[in-house]
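Accompanying notes for the structure given below.
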Amino acid sequence: MADRLPRNPLLDAQGTYPFVRLTQAKAAAAARGIEIIDLGVGEPREETPAFIVDALVEALRSERVSSYPLAVGLPELREAAAGWLERRFGAHVDPHTEIIPTYGSKEAIFSLAQVLVQPGRGDVVAVTTPGYPVPARGAQFAGAELVELPLSAERGWLPDLDAVPWERLTLLWVNSPGNPTGAVAPLAWLEEAAARCRAHGVVLASDEAYCELYFGDPPPSALQLSDRSGVLAFHTLSKRSSMVGQRSGFVAGDAELIGLLRRFRPSVGTAPQAFVQRASIAAWGDEAHVDEARARYAAKRAVLLPALQMAGLEQVGGDASFFLWLRVPGGDDHGLATRWLEHGVVAAPGSYLGPGGEGHLRVALVPTIEACECAASIVASLSA
């Protein structure tokens with residue numbers, strides 16, 4: 001019966017989502033009695049700051065009658081997000097026309113191609129690889145042709161703009177700081193990418209989910225560009241404020257594009273709940289908790305990175321995000337990840353993250369500092 005049911009062939013063609021595969025491997029190891037330290041999936045395990053939880057609870061208690069949240073979001077939230085952009089990047093964004101709240105950033109990233117791609121026209125969407133799989137999957141489900149732009153250490157893990165098929169392109173995705181590489185796109189590079197997009201009528205979409213987690217200079221945003229025509233930037237509180245389960249973010253940029261999202265999003269019903277939006281207002285208004293989180297991630301990095309390097313892995317990525325992007329000696333990323341898993345340490349094989357990821361491991365600095373110390377000890381013992 002199941003074989004006769006209609007289904008989109010992309011479900012089979014795209015295969016199992018990479019981190020579902022990782023979850024399955026962890027479950028199999030746990031079933032064998034192995035205690036797991038998960039450096040694989042990039043899910044922050046920091047406590048949500050108490051003042052955000054308090055704001056969430058207070059907002060929930062005050063909402064005596066539950067209502068559907070409007071797709072455009074609370075005006076106070078749009079103003080809070082715009083205020084943060086002004087303080088953080090010096091970018092002036094009109095909260096009425098250039099910003100819209102989202103249910104985290106993942107759903108908004110997946111659905112953008114549905115707003116921009118015209119089915120049957122042969123539209124092309126370009127994504128970077130290795131990379132976060134959601135932009136590619138969203139483009140394919142929207143009916144676009146997908147072009148993968150390879151990343152390499154030699155180019156600073158940034159795509160070659162000369163290799164982009166500009167004449168056929170509808171949407172170009174960039175990710176800075178990058179997942180999995182941690183690389184940061186300089187503002188000058190973003191300016192060039194945006195200028196080329198404008199010249200060819202292409203939308204530039206910048207996934208900036210990790211912009212507040214860095215160990216060097218603060219990363220720039222595409223919202224700082226001198227001309228934001230055709231530009232969108234995606235932000236989330238999942239990493240910045242450890243609000244993973246609350247699912248709250250926003251998209252900001254070109255007013256015409258935001259207008260299209262305002263028309264599209266009521267149909268899909270993915271606005272954050274009103275009480276989450278009110279807690280988000282508190283989160284965007286505070287920087288102290290972000291500074292503290294950044295310091296904790298730096299401490300974890302200081303614990304893990306020396307042990308990984310002593311084990312022969314080479315840190316080849318950038319100095320942002322909570323990921324370490326490591327070249328594996330001998331190139332067998334899957335074999336090394338499997339060996340570590342047998343001893344309870346989970347890392348993501350680079351091959352899970354697309355072409356060009358082979359021969360690398362992605363290590364996420366998400367467990368507690370104590371768990372990171374334990375993982376460092378295990379890795380050290382395996383390389384002794």
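Following the order of the structure tokens, chains are lettered A, B, ..., residues in each are numbered from 1, and ligands are numbered from 1.
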Please produce, as a Markdown table, a per-residue contact table for stretch 53-157 of chain A versus stretch 252-256 of chain A (criterion: any atom at most 10 Å away, only C-alpha atoms considered), showing the nearest atom pair and its distance in Å to one decimal, sorted by chain then residue number.
| residue | atom | partner | partner_atom | distance |
| --- | --- | --- | --- | --- |
| A:Arg78 | CA | A:Ala252 | CA | 9.6 |
| A:Ala81 | CA | A:Ala252 | CA | 9.2 |
| A:Ala82 | CA | A:Ala252 | CA | 8.6 |
| A:Leu85 | CA | A:Ala252 | CA | 9.5 |
| A:His92 | CA | A:Gly253 | CA | 10.0 |
| A:Val93 | CA | A:Gly253 | CA | 7.3 |
| A:Asp94 | CA | A:Ala255 | CA | 8.5 |
| A:Pro95 | CA | A:Ala252 | CA | 8.8 |
| A:His96 | CA | A:Ala255 | CA | 9.2 |
| A:Thr97 | CA | A:Ala255 | CA | 5.4 |
| A:Glu98 | CA | A:Ala255 | CA | 4.7 |
| A:Ile99 | CA | A:Ala252 | CA | 4.2 |
| A:Ile100 | CA | A:Ala252 | CA | 6.5 |
| A:Pro101 | CA | A:Ala252 | CA | 8.7 |
Requested in this report: Looking only at strand (DSSP E) from DSSP on the backbone, list the matching residues of stretch 36-271 of chain A as an MDAnalysis selection string.
Outcome: chainID A and resid 37:38 99:102 124:129 145:150 169:175 203:207 231:236 249:253
Report task. Please provide as a ChimeraX atom specification all residues within 10 Å of stretch 107-109 of chain A, with the sequence filter that same-chain residues fewer than 6 positions apart are discarded (counting only C-alpha atoms). Result -> /A:101,134-139,173,205-207,233-234,247,249-251,261,265,268,270
C-alpha atoms of the current selection, written as a CSV table (one decimal), in the first residue's frame:
chain,number,residue,atom,x,y,z
A,101,PRO,CA,10.0,38.0,12.5
A,134,VAL,CA,18.6,23.6,4.2
A,135,PRO,CA,19.0,26.2,1.4
A,136,ALA,CA,19.7,23.5,-1.1
A,137,ARG,CA,16.7,21.4,-0.1
A,138,GLY,CA,14.4,24.3,0.0
A,139,ALA,CA,15.5,25.3,-3.5
A,173,TRP,CA,23.1,31.9,-0.8
A,205,ALA,CA,20.6,35.9,0.9
A,206,SER,CA,23.0,35.9,3.8
A,207,ASP,CA,22.6,33.4,6.6
A,233,ALA,CA,20.0,38.8,6.0
A,234,PHE,CA,18.7,36.0,8.3
A,247,ARG,CA,12.4,29.3,17.6
A,249,GLY,CA,14.5,35.0,14.5
A,250,PHE,CA,14.0,37.6,11.7
A,251,VAL,CA,14.7,38.4,8.1
A,261,LEU,CA,7.6,37.7,2.5
A,265,ARG,CA,4.1,34.1,5.2
A,268,VAL,CA,2.4,29.1,6.0
A,270,THR,CA,5.1,30.1,11.0
Query raised in the report: Using only C-alpha atoms, which residue out of A:Gly344, A:Pro6, A:Gly83, A:Pro367 lies closest to A:Phe323?
Result: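 Closest candidate: A:Pro367.
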Report task. Within 6 Å of stretch 293-301 of chain A, counting only C-alpha atoms, which residues show up once you throw out same-chain ones fewer than 4 positions away? Write them as a list in words, please. Result -> Leu213, Leu305 and Ile369 of chain A
**Report entry** 6 Å contact set for stretch 376-380 of chain A, only C-alpha atoms, chain neighbours under 3 positions out, as a ChimeraX atom specification
**Finding:** /A:304,307,373,383
Atoms to include: N, CA and C atoms. Write the selected residues as an mmCIF file, in the first residue's frame.
data_model
loop_
_atom_site.group_PDB
_atom_site.id
_atom_site.type_symbol
_atom_site.label_atom_id
_atom_site.label_comp_id
_atom_site.auth_asym_id
_atom_site.auth_seq_id
_atom_site.Cartn_x
_atom_site.Cartn_y
_atom_site.Cartn_z
ATOM 1 N N LEU A 304 39.259 21.937 23.944
ATOM 2 C CA LEU A 304 39.192 20.897 22.916
ATOM 3 C C LEU A 304 40.249 21.026 21.828
ATOM 4 N N ALA A 307 43.742 19.342 22.220
ATOM 5 C CA ALA A 307 43.669 17.880 22.194
ATOM 6 C C ALA A 307 43.459 17.375 20.774
ATOM 7 N N GLU A 373 35.957 18.671 28.410
ATOM 8 C CA GLU A 373 37.193 18.177 29.020
ATOM 9 C C GLU A 373 37.273 16.661 28.929
ATOM 10 N N SER A 383 44.759 8.808 20.618
ATOM 11 C CA SER A 383 45.892 9.156 19.756
ATOM 12 C C SER A 383 47.231 8.856 20.414
#
Query raised in the report: Of the candidates A:Cys211, A:Leu112, A:Leu237, A:Ala142, which one gets nearest to A:Leu260 if we count only C-alpha atoms?
Result: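 Among A:Cys211, A:Leu112, A:Leu237, A:Ala142, it is A:Leu112 that comes nearest to A:Leu260.
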**Report entry** Which of stretch 115-309 of chain A DSSP labels alpha helix (DSSP H), written as an NGL selection string
**Finding:** :A and (115-116 or 134-141 or 187-200 or 237-240 or 255-268 or 274-284 or 288-309)
Keeping C-alpha atoms, export the residues of the selection given above as a tab-separated table (two decimals), in the first residue's frame.
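Contents of the output file part.tsv:
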chain	number	residue	atom	x	y	z
A	115	VAL	CA	8.81	33.11	-2.87
A	116	LEU	CA	11.38	33.81	-5.60
A	134	VAL	CA	18.59	23.55	4.18
A	135	PRO	CA	19.02	26.22	1.45
A	136	ALA	CA	19.69	23.51	-1.12
A	137	ARG	CA	16.74	21.37	-0.07
A	138	GLY	CA	14.42	24.35	-0.03
A	139	ALA	CA	15.50	25.33	-3.53
A	140	GLN	CA	14.91	21.85	-4.88
A	141	PHE	CA	11.44	21.58	-3.36
A	187	LEU	CA	32.54	43.32	4.06
A	188	ALA	CA	34.45	44.05	0.83
A	189	TRP	CA	33.66	40.54	-0.44
A	190	LEU	CA	29.98	40.98	0.44
A	191	GLU	CA	29.98	44.32	-1.40
A	192	GLU	CA	31.34	42.64	-4.53
A	193	ALA	CA	28.86	39.76	-4.29
A	194	ALA	CA	25.96	42.18	-3.86
A	195	ALA	CA	27.10	44.35	-6.79
A	196	ARG	CA	27.27	41.31	-9.08
A	197	CYS	CA	23.83	40.20	-7.88
A	198	ARG	CA	22.36	43.64	-8.62
A	199	ALA	CA	23.90	43.65	-12.08
A	200	HIS	CA	22.16	40.37	-12.93
A	237	LEU	CA	18.21	33.84	18.77
A	238	SER	CA	18.93	30.10	18.86
A	239	LYS	CA	22.71	30.55	18.99
A	240	ARG	CA	23.04	34.13	20.25
A	255	ALA	CA	11.88	46.50	1.54
A	256	GLU	CA	10.47	45.05	-1.70
A	257	LEU	CA	11.64	41.55	-0.77
A	258	ILE	CA	10.33	41.92	2.77
A	259	GLY	CA	7.02	42.94	1.20
A	260	LEU	CA	6.96	39.66	-0.72
A	261	LEU	CA	7.59	37.75	2.50
A	262	ARG	CA	4.76	39.65	4.18
A	263	ARG	CA	2.44	38.41	1.42
A	264	PHE	CA	3.74	34.83	1.54
A	265	ARG	CA	4.08	34.11	5.24
A	266	PRO	CA	0.39	34.33	6.31
A	267	SER	CA	-0.20	31.25	4.16
A	268	VAL	CA	2.36	29.11	5.99
A	274	ALA	CA	3.26	36.10	20.90
A	275	PHE	CA	4.79	35.11	24.25
A	276	VAL	CA	7.98	34.00	22.48
A	277	GLN	CA	8.08	37.30	20.62
A	278	ARG	CA	7.85	39.20	23.91
A	279	ALA	CA	10.72	37.16	25.38
A	280	SER	CA	12.65	37.86	22.17
A	281	ILE	CA	12.28	41.60	22.76
A	282	ALA	CA	14.13	41.14	26.04
A	283	ALA	CA	16.81	39.01	24.38
A	284	TRP	CA	17.58	41.48	21.56
A	288	ALA	CA	25.70	40.95	28.68
A	289	HIS	CA	24.35	37.42	28.30
A	290	VAL	CA	25.85	37.20	24.79
A	291	ASP	CA	29.28	38.25	26.07
A	292	GLU	CA	29.04	35.56	28.77
A	293	ALA	CA	28.04	32.88	26.26
A	294	ARG	CA	30.88	33.85	23.94
A	295	ALA	CA	33.32	33.50	26.84
A	296	ARG	CA	32.00	30.01	27.64
A	297	TYR	CA	32.40	28.92	24.03
A	298	ALA	CA	35.94	30.30	24.03
A	299	ALA	CA	36.71	28.26	27.15
A	300	LYS	CA	35.41	25.10	25.49
A	301	ARG	CA	37.47	25.84	22.40
A	302	ALA	CA	40.57	26.26	24.56
A	303	VAL	CA	39.94	22.83	26.10
A	304	LEU	CA	39.19	20.90	22.92
A	305	LEU	CA	41.34	22.41	20.19
A	306	PRO	CA	44.78	21.51	21.68
A	307	ALA	CA	43.67	17.88	22.19
A	308	LEU	CA	42.39	17.67	18.63
A	309	GLN	CA	45.60	19.13	17.26
Report task. Please provide as a PyMOL selection string all residues within 10 Å of A:Tyr352, with the sequence filter that same-chain residues fewer than 4 positions apart are discarded (counting only C-alpha atoms). Result -> chain A and resi 17-19+21-22+130-133+333-334+348+357-358+360-362
Put those residues in a file: C-alpha atoms, as a PDB file, in the first residue's frame.
ATOM      1  CA  TYR A  17      18.847  14.449   6.309  1.00  0.00           C
ATOM      2  CA  PRO A  18      22.521  14.365   7.398  1.00  0.00           C
ATOM      3  CA  PHE A  19      21.930  14.915  11.075  1.00  0.00           C
ATOM      4  CA  ARG A  21      21.882   9.912  10.140  1.00  0.00           C
ATOM      5  CA  LEU A  22      24.035  11.180  12.976  1.00  0.00           C
ATOM      6  CA  PRO A 130      30.262  21.965   2.155  1.00  0.00           C
ATOM      7  CA  GLY A 131      27.457  23.704   3.934  1.00  0.00           C
ATOM      8  CA  TYR A 132      24.174  23.773   5.773  1.00  0.00           C
ATOM      9  CA  PRO A 133      21.818  21.567   3.721  1.00  0.00           C
ATOM     10  CA  ASP A 333      36.594  11.433   8.073  1.00  0.00           C
ATOM     11  CA  HIS A 334      33.913   8.759   8.354  1.00  0.00           C
ATOM     12  CA  ALA A 348      30.124  15.095  12.235  1.00  0.00           C
ATOM     13  CA  GLY A 357      33.599  18.215   3.082  1.00  0.00           C
ATOM     14  CA  GLU A 358      35.331  14.865   2.654  1.00  0.00           C
ATOM     15  CA  HIS A 360      37.265  16.868   7.443  1.00  0.00           C
ATOM     16  CA  LEU A 361      35.462  16.671  10.765  1.00  0.00           C
ATOM     17  CA  ARG A 362      33.083  19.256  12.186  1.00  0.00           C
TER      18      ARG A 362
END
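Every protein, DNA or RNA residue with an atom at most 9 Å from A:Ala91, where only C-alpha atoms count and chain neighbours fewer than 4 positions away do not, is listed here: Ala82, Leu85, Glu86, Arg87, Ser221, Leu223, Gln224 and Leu225 of chain A.
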